[in-house]
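The structure file model.cif is reproduced below (mmCIF, C-alpha atoms).
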```
data_start
#
loop_
_atom_site.label_atom_id
_atom_site.label_comp_id
_atom_site.auth_asym_id
_atom_site.auth_seq_id
_atom_site.Cartn_x
_atom_site.Cartn_y
_atom_site.Cartn_z
CA MET X 1 -47.65 -55.91 -158.25
CA ALA X 2 -46.46 -55.90 -154.63
CA ILE X 3 -45.14 -59.17 -153.22
CA ASP X 4 -46.96 -60.15 -150.04
CA PHE X 5 -44.94 -60.62 -146.85
CA THR X 6 -46.48 -63.84 -145.57
CA PRO X 7 -46.68 -65.39 -142.06
CA GLN X 8 -44.16 -68.01 -143.24
CA MET X 9 -41.78 -65.23 -144.30
CA LYS X 10 -42.11 -63.71 -140.83
CA LYS X 11 -40.62 -66.92 -139.42
CA GLU X 12 -37.83 -67.33 -141.98
CA TYR X 13 -36.94 -63.98 -143.56
CA THR X 14 -34.55 -61.26 -142.41
CA ILE X 15 -36.00 -57.77 -142.85
CA LEU X 16 -33.26 -55.36 -143.99
CA CYS X 17 -33.69 -51.83 -142.65
CA PRO X 18 -31.61 -48.73 -143.47
CA ASP X 19 -29.83 -47.07 -140.56
CA ILE X 20 -31.91 -43.90 -140.19
CA PHE X 21 -31.34 -42.93 -136.53
CA PRO X 22 -28.00 -44.50 -135.46
CA THR X 23 -28.48 -43.89 -131.71
CA HIS X 24 -32.03 -45.24 -131.73
CA MET X 25 -32.07 -48.09 -134.24
CA GLU X 26 -30.71 -50.85 -132.00
CA LEU X 27 -33.44 -50.11 -129.47
CA LEU X 28 -36.13 -50.02 -132.15
CA SER X 29 -34.92 -53.27 -133.72
CA GLU X 30 -35.37 -55.00 -130.36
CA ILE X 31 -39.03 -53.93 -130.33
CA PHE X 32 -39.47 -55.61 -133.72
CA HIS X 33 -37.81 -58.75 -132.36
CA GLN X 34 -40.33 -58.79 -129.50
CA PHE X 35 -43.12 -59.03 -132.04
CA GLY X 36 -41.47 -61.87 -133.95
CA TYR X 37 -39.75 -59.97 -136.78
CA ARG X 38 -36.10 -60.63 -137.65
CA LEU X 39 -35.10 -57.02 -138.33
CA LYS X 40 -31.49 -56.21 -139.24
CA VAL X 41 -30.28 -52.59 -139.25
CA LEU X 42 -27.76 -52.09 -142.06
CA LYS X 43 -24.50 -50.31 -141.21
CA TYR X 44 -22.94 -50.23 -144.69
CA GLU X 45 -21.34 -46.92 -145.67
CA GLY X 46 -18.94 -45.66 -148.31
CA LYS X 47 -18.69 -44.94 -152.01
CA GLU X 48 -19.79 -48.43 -153.08
CA VAL X 49 -23.08 -48.05 -151.18
CA ILE X 50 -23.83 -44.71 -152.87
CA GLU X 51 -22.94 -46.23 -156.23
CA ALA X 52 -25.36 -49.10 -155.59
CA GLY X 53 -28.13 -46.57 -155.01
CA LEU X 54 -27.21 -44.49 -158.06
CA LYS X 55 -27.01 -47.57 -160.28
CA TYR X 56 -30.60 -48.61 -159.73
CA LEU X 57 -32.35 -45.31 -158.84
CA HIS X 58 -32.74 -42.25 -161.03
CA ASN X 59 -29.89 -39.85 -160.26
CA ASP X 60 -32.37 -36.99 -159.82
CA MET X 61 -33.96 -38.80 -156.88
CA CYS X 62 -33.47 -37.24 -153.47
CA TYR X 63 -30.24 -38.04 -151.64
CA PRO X 64 -31.86 -39.86 -148.65
CA ALA X 65 -33.45 -42.31 -151.13
CA ILE X 66 -30.07 -42.99 -152.74
CA CYS X 67 -28.47 -43.58 -149.31
CA THR X 68 -31.19 -45.75 -147.75
CA ALA X 69 -31.98 -47.76 -150.88
CA GLY X 70 -28.24 -47.98 -151.56
CA GLN X 71 -27.70 -49.71 -148.20
CA GLN X 72 -30.46 -52.20 -148.96
CA ILE X 73 -29.41 -52.92 -152.55
CA TYR X 74 -25.79 -53.30 -151.47
CA ALA X 75 -26.86 -55.76 -148.75
CA LEU X 76 -28.63 -57.91 -151.35
CA THR X 77 -25.67 -57.92 -153.75
CA CYS X 78 -22.58 -58.04 -151.49
CA GLY X 79 -23.01 -61.68 -150.47
CA ASP X 80 -23.80 -61.12 -146.79
CA TYR X 81 -27.46 -62.11 -147.19
CA ASP X 82 -29.47 -64.58 -149.26
CA PRO X 83 -31.86 -62.43 -151.34
CA HIS X 84 -34.34 -65.33 -151.38
CA LYS X 85 -34.62 -65.08 -147.58
CA CYS X 86 -34.77 -61.29 -147.24
CA ALA X 87 -37.36 -58.53 -147.29
CA LEU X 88 -36.78 -54.76 -147.37
CA ILE X 89 -38.57 -52.18 -145.25
CA GLN X 90 -38.97 -48.44 -145.78
CA PHE X 91 -40.71 -45.75 -143.75
CA GLN X 92 -43.55 -43.83 -145.45
CA THR X 93 -44.55 -40.47 -144.00
CA GLY X 94 -47.27 -39.63 -146.51
CA GLY X 95 -47.97 -36.08 -147.62
CA GLY X 96 -45.66 -34.21 -149.96
CA CYS X 97 -42.44 -36.02 -149.05
CA ARG X 98 -40.79 -38.18 -151.70
CA ALA X 99 -40.16 -40.77 -148.97
CA SER X 100 -43.71 -41.94 -149.67
CA ASN X 101 -42.44 -43.20 -153.04
CA TYR X 102 -39.33 -45.02 -151.84
CA ILE X 103 -40.99 -48.44 -151.79
CA PHE X 104 -42.10 -48.06 -155.42
CA LEU X 105 -38.58 -47.04 -156.42
CA LEU X 106 -37.19 -50.07 -154.60
CA ARG X 107 -39.61 -52.41 -156.36
CA LYS X 108 -38.65 -50.94 -159.72
CA ALA X 109 -34.95 -51.32 -158.84
CA LEU X 110 -35.47 -54.94 -157.74
CA LYS X 111 -37.24 -55.73 -161.01
CA ASN X 112 -34.32 -54.28 -162.96
CA MET X 113 -31.96 -56.40 -160.84
CA GLY X 114 -33.95 -59.57 -161.48
CA MET X 115 -34.91 -59.72 -157.80
CA GLU X 116 -38.58 -58.81 -158.01
CA TYR X 117 -39.26 -61.75 -155.70
CA VAL X 118 -37.89 -59.74 -152.73
CA PRO X 119 -40.82 -58.28 -150.70
CA VAL X 120 -40.76 -54.55 -149.90
CA ILE X 121 -42.66 -53.58 -146.73
CA SER X 122 -44.18 -50.16 -146.14
CA LEU X 123 -43.78 -48.99 -142.53
CA SER X 124 -46.36 -46.28 -141.90
CA PHE X 125 -48.94 -45.14 -139.39
CA GLY X 126 -51.37 -44.69 -142.28
CA GLY X 127 -51.37 -48.37 -143.21
CA TYR X 128 -50.93 -47.63 -146.92
CA GLU X 129 -50.38 -51.30 -147.72
CA LYS X 130 -51.56 -54.55 -146.13
CA TYR X 131 -49.56 -57.76 -145.69
CA SER X 132 -50.67 -61.14 -144.39
CA GLY X 133 -47.53 -61.55 -142.25
CA PHE X 134 -46.67 -57.98 -141.18
CA LYS X 135 -48.79 -55.61 -139.16
CA ILE X 136 -48.05 -52.52 -137.10
CA THR X 137 -50.20 -52.76 -133.97
CA PRO X 138 -50.98 -49.90 -131.55
CA MET X 139 -48.95 -51.67 -128.84
CA MET X 140 -45.98 -51.96 -131.19
CA VAL X 141 -46.15 -48.23 -131.95
CA LEU X 142 -46.44 -47.40 -128.24
CA LEU X 143 -43.35 -49.44 -127.33
CA ALA X 144 -41.37 -48.14 -130.30
CA MET X 145 -42.07 -44.55 -129.26
CA ARG X 146 -40.84 -45.31 -125.73
CA ALA X 147 -37.65 -46.68 -127.32
CA ILE X 148 -37.32 -43.40 -129.21
CA VAL X 149 -37.50 -41.45 -125.93
CA TYR X 150 -34.61 -43.56 -124.61
CA GLY X 151 -32.69 -42.94 -127.84
CA ASP X 152 -33.29 -39.19 -127.54
CA MET X 153 -31.92 -39.22 -123.98
CA LEU X 154 -28.77 -41.08 -125.02
CA LEU X 155 -28.24 -38.80 -128.03
CA LEU X 156 -28.74 -35.65 -125.97
CA LEU X 157 -26.38 -36.63 -123.15
CA LYS X 158 -23.76 -38.17 -125.42
CA ASN X 159 -23.43 -34.91 -127.35
CA GLN X 160 -23.20 -32.85 -124.15
CA THR X 161 -20.63 -35.14 -122.49
CA LEU X 162 -18.34 -36.40 -125.27
CA PRO X 163 -16.55 -33.07 -125.94
CA TYR X 164 -15.77 -32.60 -122.22
CA GLU X 165 -14.85 -36.13 -121.06
CA ALA X 166 -11.60 -36.26 -119.09
CA ARG X 167 -10.91 -39.86 -120.13
CA LYS X 168 -11.44 -40.64 -123.80
CA GLY X 169 -13.99 -43.38 -124.30
CA ASP X 170 -15.97 -42.92 -121.08
CA THR X 171 -19.01 -41.48 -122.87
CA GLU X 172 -19.22 -44.25 -125.46
CA LYS X 173 -18.92 -46.83 -122.66
CA VAL X 174 -21.98 -45.37 -120.93
CA VAL X 175 -23.91 -45.25 -124.23
CA GLY X 176 -22.98 -48.88 -124.95
CA LYS X 177 -23.87 -49.93 -121.41
CA TRP X 178 -27.37 -48.46 -121.70
CA VAL X 179 -28.04 -49.79 -125.20
CA ASN X 180 -27.19 -53.27 -123.88
CA GLU X 181 -29.15 -52.75 -120.66
CA LEU X 182 -32.27 -51.45 -122.41
CA THR X 183 -32.29 -54.13 -125.11
CA ALA X 184 -31.91 -56.77 -122.36
CA GLN X 185 -34.83 -55.21 -120.49
CA PHE X 186 -36.93 -55.18 -123.67
CA ARG X 187 -36.19 -58.88 -124.27
CA ASN X 188 -37.47 -59.59 -120.77
CA LYS X 189 -40.51 -57.35 -121.30
CA LYS X 190 -39.20 -54.71 -118.90
CA GLY X 191 -38.37 -51.01 -119.13
CA LEU X 192 -41.41 -50.08 -121.20
CA THR X 193 -43.97 -49.03 -118.56
CA GLY X 194 -44.25 -45.42 -117.44
CA ARG X 195 -42.73 -46.10 -114.03
CA ALA X 196 -39.86 -48.16 -115.46
CA MET X 197 -39.09 -45.49 -118.07
CA LYS X 198 -38.88 -42.77 -115.42
CA LYS X 199 -36.52 -44.94 -113.38
CA ASN X 200 -34.33 -45.71 -116.39
CA LEU X 201 -34.18 -42.08 -117.54
CA ALA X 202 -33.07 -40.99 -114.06
CA ALA X 203 -30.40 -43.72 -113.99
CA ILE X 204 -29.13 -42.77 -117.45
CA ALA X 205 -28.81 -39.11 -116.41
CA ALA X 206 -26.97 -40.13 -113.23
CA ASP X 207 -24.49 -42.27 -115.20
CA PHE X 208 -23.64 -39.44 -117.60
CA HIS X 209 -23.35 -37.05 -114.64
CA GLY X 210 -20.79 -39.46 -113.17
CA ILE X 211 -18.43 -39.06 -116.14
CA GLU X 212 -15.47 -36.87 -115.19
CA ARG X 213 -15.51 -33.66 -117.23
CA GLU X 214 -12.94 -31.05 -118.18
CA ASN X 215 -13.85 -27.40 -117.71
CA LYS X 216 -13.43 -25.83 -121.13
CA LYS X 217 -15.31 -23.42 -123.35
CA LEU X 218 -16.44 -24.77 -126.71
CA LYS X 219 -18.45 -23.34 -129.57
CA LYS X 220 -22.05 -24.55 -129.43
CA VAL X 221 -23.54 -25.78 -132.70
CA GLY X 222 -27.10 -26.95 -133.38
CA ILE X 223 -28.01 -29.30 -136.23
CA VAL X 224 -31.38 -29.17 -138.00
CA GLY X 225 -32.53 -30.24 -141.45
CA GLU X 226 -34.22 -33.07 -143.33
CA ILE X 227 -34.80 -35.96 -140.94
CA TYR X 228 -32.38 -38.43 -142.58
CA VAL X 229 -29.32 -36.22 -143.11
CA LYS X 230 -29.98 -34.55 -139.75
CA TYR X 231 -29.34 -37.80 -137.85
CA SER X 232 -27.56 -40.24 -140.15
CA SER X 233 -23.76 -40.05 -140.07
CA PHE X 234 -23.77 -41.78 -143.47
CA GLY X 235 -26.11 -39.17 -144.91
CA ASN X 236 -24.26 -36.16 -143.47
CA ASN X 237 -20.68 -37.40 -143.93
CA GLY X 238 -20.00 -37.71 -140.21
CA LEU X 239 -21.13 -34.17 -139.39
CA GLU X 240 -21.23 -34.61 -135.61
CA LYS X 241 -17.77 -36.20 -135.55
CA PHE X 242 -16.34 -33.40 -137.70
CA LEU X 243 -17.80 -30.68 -135.48
CA LEU X 244 -16.36 -32.45 -132.45
CA SER X 245 -12.91 -32.41 -134.11
CA GLN X 246 -13.30 -28.64 -134.57
CA GLY X 247 -13.80 -28.00 -130.87
CA CYS X 248 -17.60 -27.84 -130.81
CA GLU X 249 -20.39 -29.11 -128.63
CA VAL X 250 -23.31 -30.31 -130.74
CA MET X 251 -27.04 -30.26 -130.03
CA VAL X 252 -29.43 -32.26 -132.24
CA PRO X 253 -33.17 -32.03 -131.43
CA GLY X 254 -34.76 -35.35 -130.50
CA VAL X 255 -36.50 -37.73 -132.90
CA LEU X 256 -39.65 -37.63 -130.75
CA GLY X 257 -40.18 -34.04 -131.91
CA PHE X 258 -40.68 -35.18 -135.50
CA PHE X 259 -43.51 -37.51 -134.46
CA GLN X 260 -45.05 -34.78 -132.29
CA TYR X 261 -44.91 -32.56 -135.37
CA CYS X 262 -46.65 -35.20 -137.50
CA PHE X 263 -49.53 -35.55 -135.03
CA ALA X 264 -49.78 -31.77 -134.54
CA ASN X 265 -50.30 -31.42 -138.31
CA THR X 266 -53.55 -33.38 -138.08
CA GLU X 267 -55.22 -30.37 -136.45
CA THR X 268 -53.79 -28.07 -139.12
CA ASP X 269 -55.19 -30.31 -141.86
CA PHE X 270 -58.61 -30.26 -140.21
CA ARG X 271 -58.56 -26.47 -139.81
CA TYR X 272 -57.58 -25.81 -143.43
CA TYR X 273 -59.10 -28.72 -145.32
CA GLY X 274 -61.76 -30.30 -143.09
CA GLY X 275 -62.06 -34.02 -142.40
CA LYS X 276 -63.02 -36.14 -139.42
CA ARG X 277 -62.95 -34.74 -135.89
CA SER X 278 -62.15 -38.22 -134.59
CA GLY X 279 -58.76 -38.03 -136.27
CA VAL X 280 -58.02 -34.71 -134.55
CA PHE X 281 -59.13 -36.13 -131.20
CA PHE X 282 -56.84 -39.16 -131.55
CA ALA X 283 -53.89 -36.99 -132.68
CA LYS X 284 -54.30 -34.62 -129.72
CA LYS X 285 -54.45 -37.50 -127.26
CA THR X 286 -51.30 -39.01 -128.78
CA GLU X 287 -49.51 -35.67 -128.75
CA LYS X 288 -50.37 -35.21 -125.06
CA LEU X 289 -48.97 -38.66 -124.29
CA PHE X 290 -45.74 -37.78 -126.09
CA ASP X 291 -45.63 -34.46 -124.20
CA LYS X 292 -45.80 -36.41 -120.93
CA TRP X 293 -42.90 -38.64 -121.94
CA GLU X 294 -40.93 -35.61 -123.04
CA ASN X 295 -41.57 -34.06 -119.62
CA ASP X 296 -40.30 -37.25 -117.93
CA LEU X 297 -37.03 -36.81 -119.84
CA ILE X 298 -36.78 -33.15 -118.84
CA GLU X 299 -37.52 -33.96 -115.18
CA ALA X 300 -34.76 -36.61 -115.13
CA LEU X 301 -32.22 -33.91 -116.05
CA LYS X 302 -33.25 -31.34 -113.41
CA PRO X 303 -30.81 -32.59 -110.72
CA TYR X 304 -27.89 -32.02 -113.12
CA PRO X 305 -27.47 -28.36 -114.08
CA GLU X 306 -24.50 -29.12 -116.33
CA PHE X 307 -26.91 -30.59 -118.89
CA VAL X 308 -29.09 -28.45 -121.15
CA ALA X 309 -32.54 -30.03 -121.25
CA PRO X 310 -34.75 -29.70 -124.33
CA GLY X 311 -37.70 -27.34 -124.16
CA SER X 312 -41.27 -28.60 -124.42
CA PHE X 313 -42.76 -29.17 -127.85
CA GLU X 314 -45.37 -26.52 -127.03
CA LYS X 315 -42.51 -24.01 -126.98
CA VAL X 316 -41.24 -25.26 -130.33
CA LYS X 317 -44.72 -24.70 -131.79
CA ALA X 318 -44.84 -21.19 -130.32
CA PHE X 319 -41.41 -20.39 -131.77
CA ALA X 320 -42.48 -21.67 -135.19
CA ASP X 321 -45.69 -19.62 -135.12
CA LYS X 322 -43.74 -16.35 -134.98
CA VAL X 323 -41.73 -17.33 -138.07
CA ILE X 324 -44.09 -19.16 -140.43
CA ASP X 325 -47.66 -20.45 -140.72
CA ARG X 326 -48.28 -24.04 -139.63
CA GLY X 327 -49.84 -24.72 -143.00
CA VAL X 328 -46.25 -24.98 -144.26
CA LYS X 329 -45.86 -28.64 -143.36
CA MET X 330 -44.26 -30.45 -146.28
CA GLY X 331 -41.07 -32.22 -145.27
CA GLU X 332 -40.03 -30.86 -141.87
CA GLY X 333 -41.99 -27.65 -142.61
CA TRP X 334 -42.56 -25.35 -139.65
CA LEU X 335 -40.74 -27.78 -137.34
CA LEU X 336 -37.40 -26.72 -138.80
CA PRO X 337 -37.56 -22.98 -137.96
CA GLY X 338 -39.18 -23.89 -134.63
CA GLU X 339 -36.20 -26.08 -133.74
CA ILE X 340 -33.75 -23.39 -134.88
CA CYS X 341 -35.41 -20.89 -132.52
CA GLU X 342 -35.25 -23.34 -129.61
CA LEU X 343 -31.57 -24.09 -130.25
CA ILE X 344 -30.69 -20.40 -130.37
CA GLU X 345 -32.67 -19.73 -127.18
CA LYS X 346 -30.67 -22.54 -125.50
CA GLY X 347 -27.37 -20.89 -126.51
CA TYR X 348 -26.63 -22.88 -129.67
CA THR X 349 -26.40 -19.81 -131.91
CA ASN X 350 -24.39 -21.53 -134.66
CA ILE X 351 -26.78 -23.60 -136.76
CA VAL X 352 -25.98 -26.13 -139.49
CA SER X 353 -29.06 -26.73 -141.62
CA ALA X 354 -28.40 -30.05 -143.38
CA GLN X 355 -30.18 -30.06 -146.73
CA PRO X 356 -30.20 -33.11 -149.04
CA PHE X 357 -30.28 -32.80 -152.80
CA GLY X 358 -33.78 -33.22 -154.17
CA CYS X 359 -35.67 -32.33 -150.98
CA LEU X 360 -37.53 -29.28 -152.24
CA PRO X 361 -39.61 -28.66 -149.06
CA ASN X 362 -36.51 -28.44 -146.89
CA HIS X 363 -34.59 -26.21 -149.27
CA ILE X 364 -37.56 -23.85 -149.57
CA VAL X 365 -38.52 -23.75 -145.88
CA ALA X 366 -35.02 -23.82 -144.40
CA LYS X 367 -33.40 -21.30 -146.72
CA GLY X 368 -36.59 -19.26 -147.05
CA THR X 369 -36.93 -18.65 -143.31
CA ILE X 370 -33.32 -17.64 -142.57
CA ARG X 371 -33.93 -13.94 -143.23
CA ARG X 372 -36.97 -13.94 -140.91
CA LEU X 373 -35.04 -15.85 -138.23
CA ARG X 374 -32.22 -13.30 -138.32
CA GLU X 375 -34.74 -10.53 -137.67
CA PHE X 376 -35.50 -12.22 -134.33
CA TYR X 377 -31.94 -13.39 -133.66
CA PRO X 378 -29.37 -11.01 -135.18
CA GLU X 379 -26.59 -12.92 -133.41
CA ALA X 380 -27.57 -16.19 -135.13
CA ASN X 381 -25.03 -17.82 -137.42
CA ILE X 382 -27.19 -20.02 -139.69
CA PHE X 383 -25.50 -21.96 -142.50
CA PRO X 384 -27.31 -24.32 -144.91
CA VAL X 385 -25.05 -27.18 -146.03
CA ASP X 386 -26.04 -29.27 -149.05
CA TYR X 387 -25.55 -33.04 -149.16
CA ASP X 388 -25.79 -35.13 -152.31
CA ALA X 389 -24.10 -38.02 -154.05
CA GLY X 390 -21.80 -35.75 -156.04
CA ALA X 391 -20.99 -33.24 -153.30
CA SER X 392 -17.43 -32.88 -152.10
CA LYS X 393 -16.91 -33.65 -148.42
CA VAL X 394 -14.06 -31.12 -148.44
CA ASN X 395 -16.39 -28.37 -149.70
CA GLN X 396 -18.95 -29.24 -147.03
CA GLU X 397 -16.32 -29.13 -144.28
CA ASN X 398 -14.87 -25.88 -145.61
CA ARG X 399 -18.33 -24.30 -145.48
CA ILE X 400 -18.70 -25.44 -141.86
CA LYS X 401 -15.21 -24.07 -141.08
CA LEU X 402 -16.34 -20.73 -142.52
CA MET X 403 -19.34 -20.77 -140.17
CA LEU X 404 -17.04 -21.45 -137.21
CA ALA X 405 -14.62 -18.70 -138.31
CA ILE X 406 -17.51 -16.22 -138.37
CA ALA X 407 -18.49 -17.46 -134.89
CA ASP X 408 -14.94 -16.70 -133.69
CA GLU X 409 -15.14 -13.21 -135.16
CA LYS X 410 -18.46 -12.56 -133.45
CA GLU X 411 -17.05 -13.75 -130.12
CA GLU X 412 -14.04 -11.43 -130.50
CA GLU X 413 -16.31 -8.48 -131.35
CA GLN X 414 -18.51 -9.23 -128.35
CA ALA X 415 -15.47 -9.50 -126.07
CA GLU X 416 -14.17 -6.14 -127.34
CA GLU X 417 -17.57 -4.52 -126.78
CA GLU X 418 -17.74 -5.92 -123.24
CA THR X 419 -14.20 -4.67 -122.50
CA LEU X 420 -15.02 -1.22 -123.87
CA ALA X 421 -18.24 -1.07 -121.84
CA ALA X 422 -16.34 -2.06 -118.69
CA GLU X 423 -13.72 0.64 -119.31
CA GLU X 424 -16.39 3.29 -119.87
CA GLU X 425 -18.16 2.21 -116.67
CA ALA X 426 -14.90 2.46 -114.73
CA GLU X 427 -14.26 5.95 -116.12
CA ARG X 428 -17.74 7.07 -115.05
CA GLU X 429 -17.17 5.75 -111.53
CA ILE X 430 -13.84 7.58 -111.30
CA ALA X 431 -15.41 10.80 -112.58
CA GLY X 432 -18.29 10.45 -110.13
CA ALA X 433 -15.91 9.95 -107.23
#
```

What would you get if you wrote out this structure as structure tokens?
Amino acid sequence: MAIDFTPQMKKEYTILCPDIFPTHMELLSEIFHQFGYRLKVLKYEGKEVIEAGLKYLHNDMCYPAICTAGQQIYALTCGDYDPHKCALIQFQTGGGCRASNYIFLLRKALKNMGMEYVPVISLSFGGYEKYSGFKITPMMVLLAMRAIVYGDMLLLLKNQTLPYEARKGDTEKVVGKWVNELTAQFRNKKGLTGRAMKKNLAAIAADFHGIERENKKLKKVGIVGEIYVKYSSFGNNGLEKFLLSQGCEVMVPGVLGFFQYCFANTETDFRYYGGKRSGVFFAKKTEKLFDKWENDLIEALKPYPEFVAPGSFEKVKAFADKVIDRGVKMGEGWLLPGEICELIEKGYTNIVSAQPFGCLPNHIVAKGTIRRLREFYPEANIFPVDYDAGASKVNQENRIKLMLAIADEKEEEQAEEETLAAEEEAEREIAGA
């Protein structure tokens, strides 16, 4: 039986949350604080955290569950927190994703640990469970989604500036400045209106533009995959940092796109399975609102041509439609090939598809669409990389190095073809003269 999270617990308990989106989580936690919740984002990493997850979860469970639950179980057992004054929180997406079962796994683990008194909160738009002291309100969702837009902007510009910065550390200083500035604004109930968000996005873009850059050519790599290992440095063994060390510029699609995808699927469900039109109407209205915010982000980048702005989500949907039917929507479903197409169109032709052990939808969709994607983009260099508790980091990095070596070969071949074409053109001009 689920333990209720009571109004008294809201005043006294710390809610322990896994670090799912590292660039965004500090902003999101401040939104929770505004509504009276003492949310703490867990930063634990390392072998002992994985072992904590493996000890109390079945080892056939998907890798994101082992990582996220491992952080929470480790927090309860390492001595940093009083388990009698803590609650755990997990995100539930619904549908065919195993993430919908994480809270039940956690409750089973807590019972085995003798800590069944620790409440486990389900965070979901669907409201799968009710608690007397915890409620997700429409206003809370609205503000949290604005925080995600800010996080997407910081993630996007950090990845496009960090590899080129003339003075090491300048990019992280700007990221830190804006995390502090935005959380301070949130505490003072600022920065969350449409006008304030536009102003902040423009100021963020201007600050990143002001970072002195070196003019150098780097390989461009896009990252897609299951939502946790796509963003979490713990889940993907520091993938972004490793690619940076290999002379790459990285592009990771924004988190907002996943929520746009979730709402877009409401129409697909109605078309294939029926249901209430009111749900479709609400989903379309929400998706249009998110599209507007996405456009605000894109507009803020227009004065700065050195930055590659994301395309609209409508384009992502159009890209996906030429690869796979939108009925394929388990896990990241059609979003994944749609994002791959957008990345390639933006010049990020080397793609790492991060796939966690146990996530069947992502293995099937991601690996199953590669052949079709290569029909549209023969130049694409798409490499699935598997992540699980027993995987060797060295093997993962060697696979990525192989991808980059193939990218070098393709660049050399292209350069040779361009040189040959130029020589042939020169010969024709001489002959014509």

Query - Pairwise distance for CA of Val316 (chain X) and CA of Glu339 (chain X), rounded to one decimal in Å - result: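 CA of Glu339 (chain X) lies 6.1 Å from CA of Val316 (chain X).
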
Query - Residues in the PyMOL selection byres ((chain X and resi 370) around 10), expressed as a list in words - result: Val323, Pro337, Ile340, Val365, Ala366, Lys367, Gly368, Thr369, Arg371, Arg372, Leu373, Arg374, Glu375, Tyr377, Ala380, Asn381, Ile382, Phe383 and Pro384 of chain X

Store the residues of this selection in a file with C-alpha atoms, as a PDB file, keeping the file's coordinate frame.
```
ATOM      1  CA  VAL X 323     -41.730 -17.330-138.070  1.00  0.00           C
ATOM      2  CA  PRO X 337     -37.560 -22.980-137.960  1.00  0.00           C
ATOM      3  CA  ILE X 340     -33.750 -23.390-134.880  1.00  0.00           C
ATOM      4  CA  VAL X 365     -38.520 -23.750-145.880  1.00  0.00           C
ATOM      5  CA  ALA X 366     -35.020 -23.820-144.400  1.00  0.00           C
ATOM      6  CA  LYS X 367     -33.400 -21.300-146.720  1.00  0.00           C
ATOM      7  CA  GLY X 368     -36.590 -19.260-147.050  1.00  0.00           C
ATOM      8  CA  THR X 369     -36.930 -18.650-143.310  1.00  0.00           C
ATOM      9  CA  ARG X 371     -33.930 -13.940-143.230  1.00  0.00           C
ATOM     10  CA  ARG X 372     -36.970 -13.940-140.910  1.00  0.00           C
ATOM     11  CA  LEU X 373     -35.040 -15.850-138.230  1.00  0.00           C
ATOM     12  CA  ARG X 374     -32.220 -13.300-138.320  1.00  0.00           C
ATOM     13  CA  GLU X 375     -34.740 -10.530-137.670  1.00  0.00           C
ATOM     14  CA  TYR X 377     -31.940 -13.390-133.660  1.00  0.00           C
ATOM     15  CA  ALA X 380     -27.570 -16.190-135.130  1.00  0.00           C
ATOM     16  CA  ASN X 381     -25.030 -17.820-137.420  1.00  0.00           C
ATOM     17  CA  ILE X 382     -27.190 -20.020-139.690  1.00  0.00           C
ATOM     18  CA  PHE X 383     -25.500 -21.960-142.500  1.00  0.00           C
ATOM     19  CA  PRO X 384     -27.310 -24.320-144.910  1.00  0.00           C
TER      20      PRO X 384
END
```

Query - Minimum-distance residue to Leu256 (chain X), chosen among X:Lys135, X:Arg277, X:Lys216, X:Lys292 (using all atoms listed in the file) - result: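 Result for the nearest residue to Leu256 (chain X): X:Lys292.
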
Requested in this report: Show me as a VMD selection string the residues that reach within 6 Å of (-31.2, -33.0, -152.2), counting all atoms listed in the file and using the file's own coordinates.
Outcome: chain X and resid 62 to 63 356 to 359 388

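Minimum atom-to-atom distances from X:Glu267, X:Glu294, X:Glu181, X:Asp386 to Lys230 (chain X) were compared using all atoms listed in the file, and the lowest value belongs to X:Asp386.
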
Can you patch up region 402-410 of chain X, filling it in to N, CA and C atoms, and show the result as a PDB file, keeping the file's coordinate frame?
```pdb
ATOM      1  N   LEU X 402     -16.024 -22.147-142.343  1.00  0.00           N
ATOM      2  CA  LEU X 402     -16.340 -20.730-142.520  1.00  0.00           C
ATOM      3  C   LEU X 402     -17.338 -20.279-141.464  1.00  0.00           C
ATOM      4  N   MET X 403     -18.357 -21.087-141.208  1.00  0.00           N
ATOM      5  CA  MET X 403     -19.340 -20.770-140.170  1.00  0.00           C
ATOM      6  C   MET X 403     -18.653 -20.599-138.817  1.00  0.00           C
ATOM      7  N   LEU X 404     -17.731 -21.503-138.499  1.00  0.00           N
ATOM      8  CA  LEU X 404     -17.040 -21.450-137.210  1.00  0.00           C
ATOM      9  C   LEU X 404     -16.092 -20.251-137.136  1.00  0.00           C
ATOM     10  N   ALA X 405     -15.494 -19.886-138.282  1.00  0.00           N
ATOM     11  CA  ALA X 405     -14.620 -18.700-138.310  1.00  0.00           C
ATOM     12  C   ALA X 405     -15.435 -17.434-138.044  1.00  0.00           C
ATOM     13  N   ILE X 406     -16.627 -17.369-138.622  1.00  0.00           N
ATOM     14  CA  ILE X 406     -17.510 -16.220-138.370  1.00  0.00           C
ATOM     15  C   ILE X 406     -17.920 -16.201-136.905  1.00  0.00           C
ATOM     16  N   ALA X 407     -18.162 -17.390-136.322  1.00  0.00           N
ATOM     17  CA  ALA X 407     -18.490 -17.460-134.890  1.00  0.00           C
ATOM     18  C   ALA X 407     -17.356 -16.912-134.046  1.00  0.00           C
ATOM     19  N   ASP X 408     -16.100 -17.229-134.419  1.00  0.00           N
ATOM     20  CA  ASP X 408     -14.940 -16.700-133.690  1.00  0.00           C
ATOM     21  C   ASP X 408     -14.879 -15.179-133.777  1.00  0.00           C
ATOM     22  N   GLU X 409     -15.155 -14.659-134.971  1.00  0.00           N
ATOM     23  CA  GLU X 409     -15.140 -13.210-135.160  1.00  0.00           C
ATOM     24  C   GLU X 409     -16.200 -12.532-134.296  1.00  0.00           C
ATOM     25  N   LYS X 410     -17.373 -13.132-134.260  1.00  0.00           N
ATOM     26  CA  LYS X 410     -18.460 -12.560-133.450  1.00  0.00           C
ATOM     27  C   LYS X 410     -18.102 -12.580-131.968  1.00  0.00           C
TER      28      LYS X 410
END
```
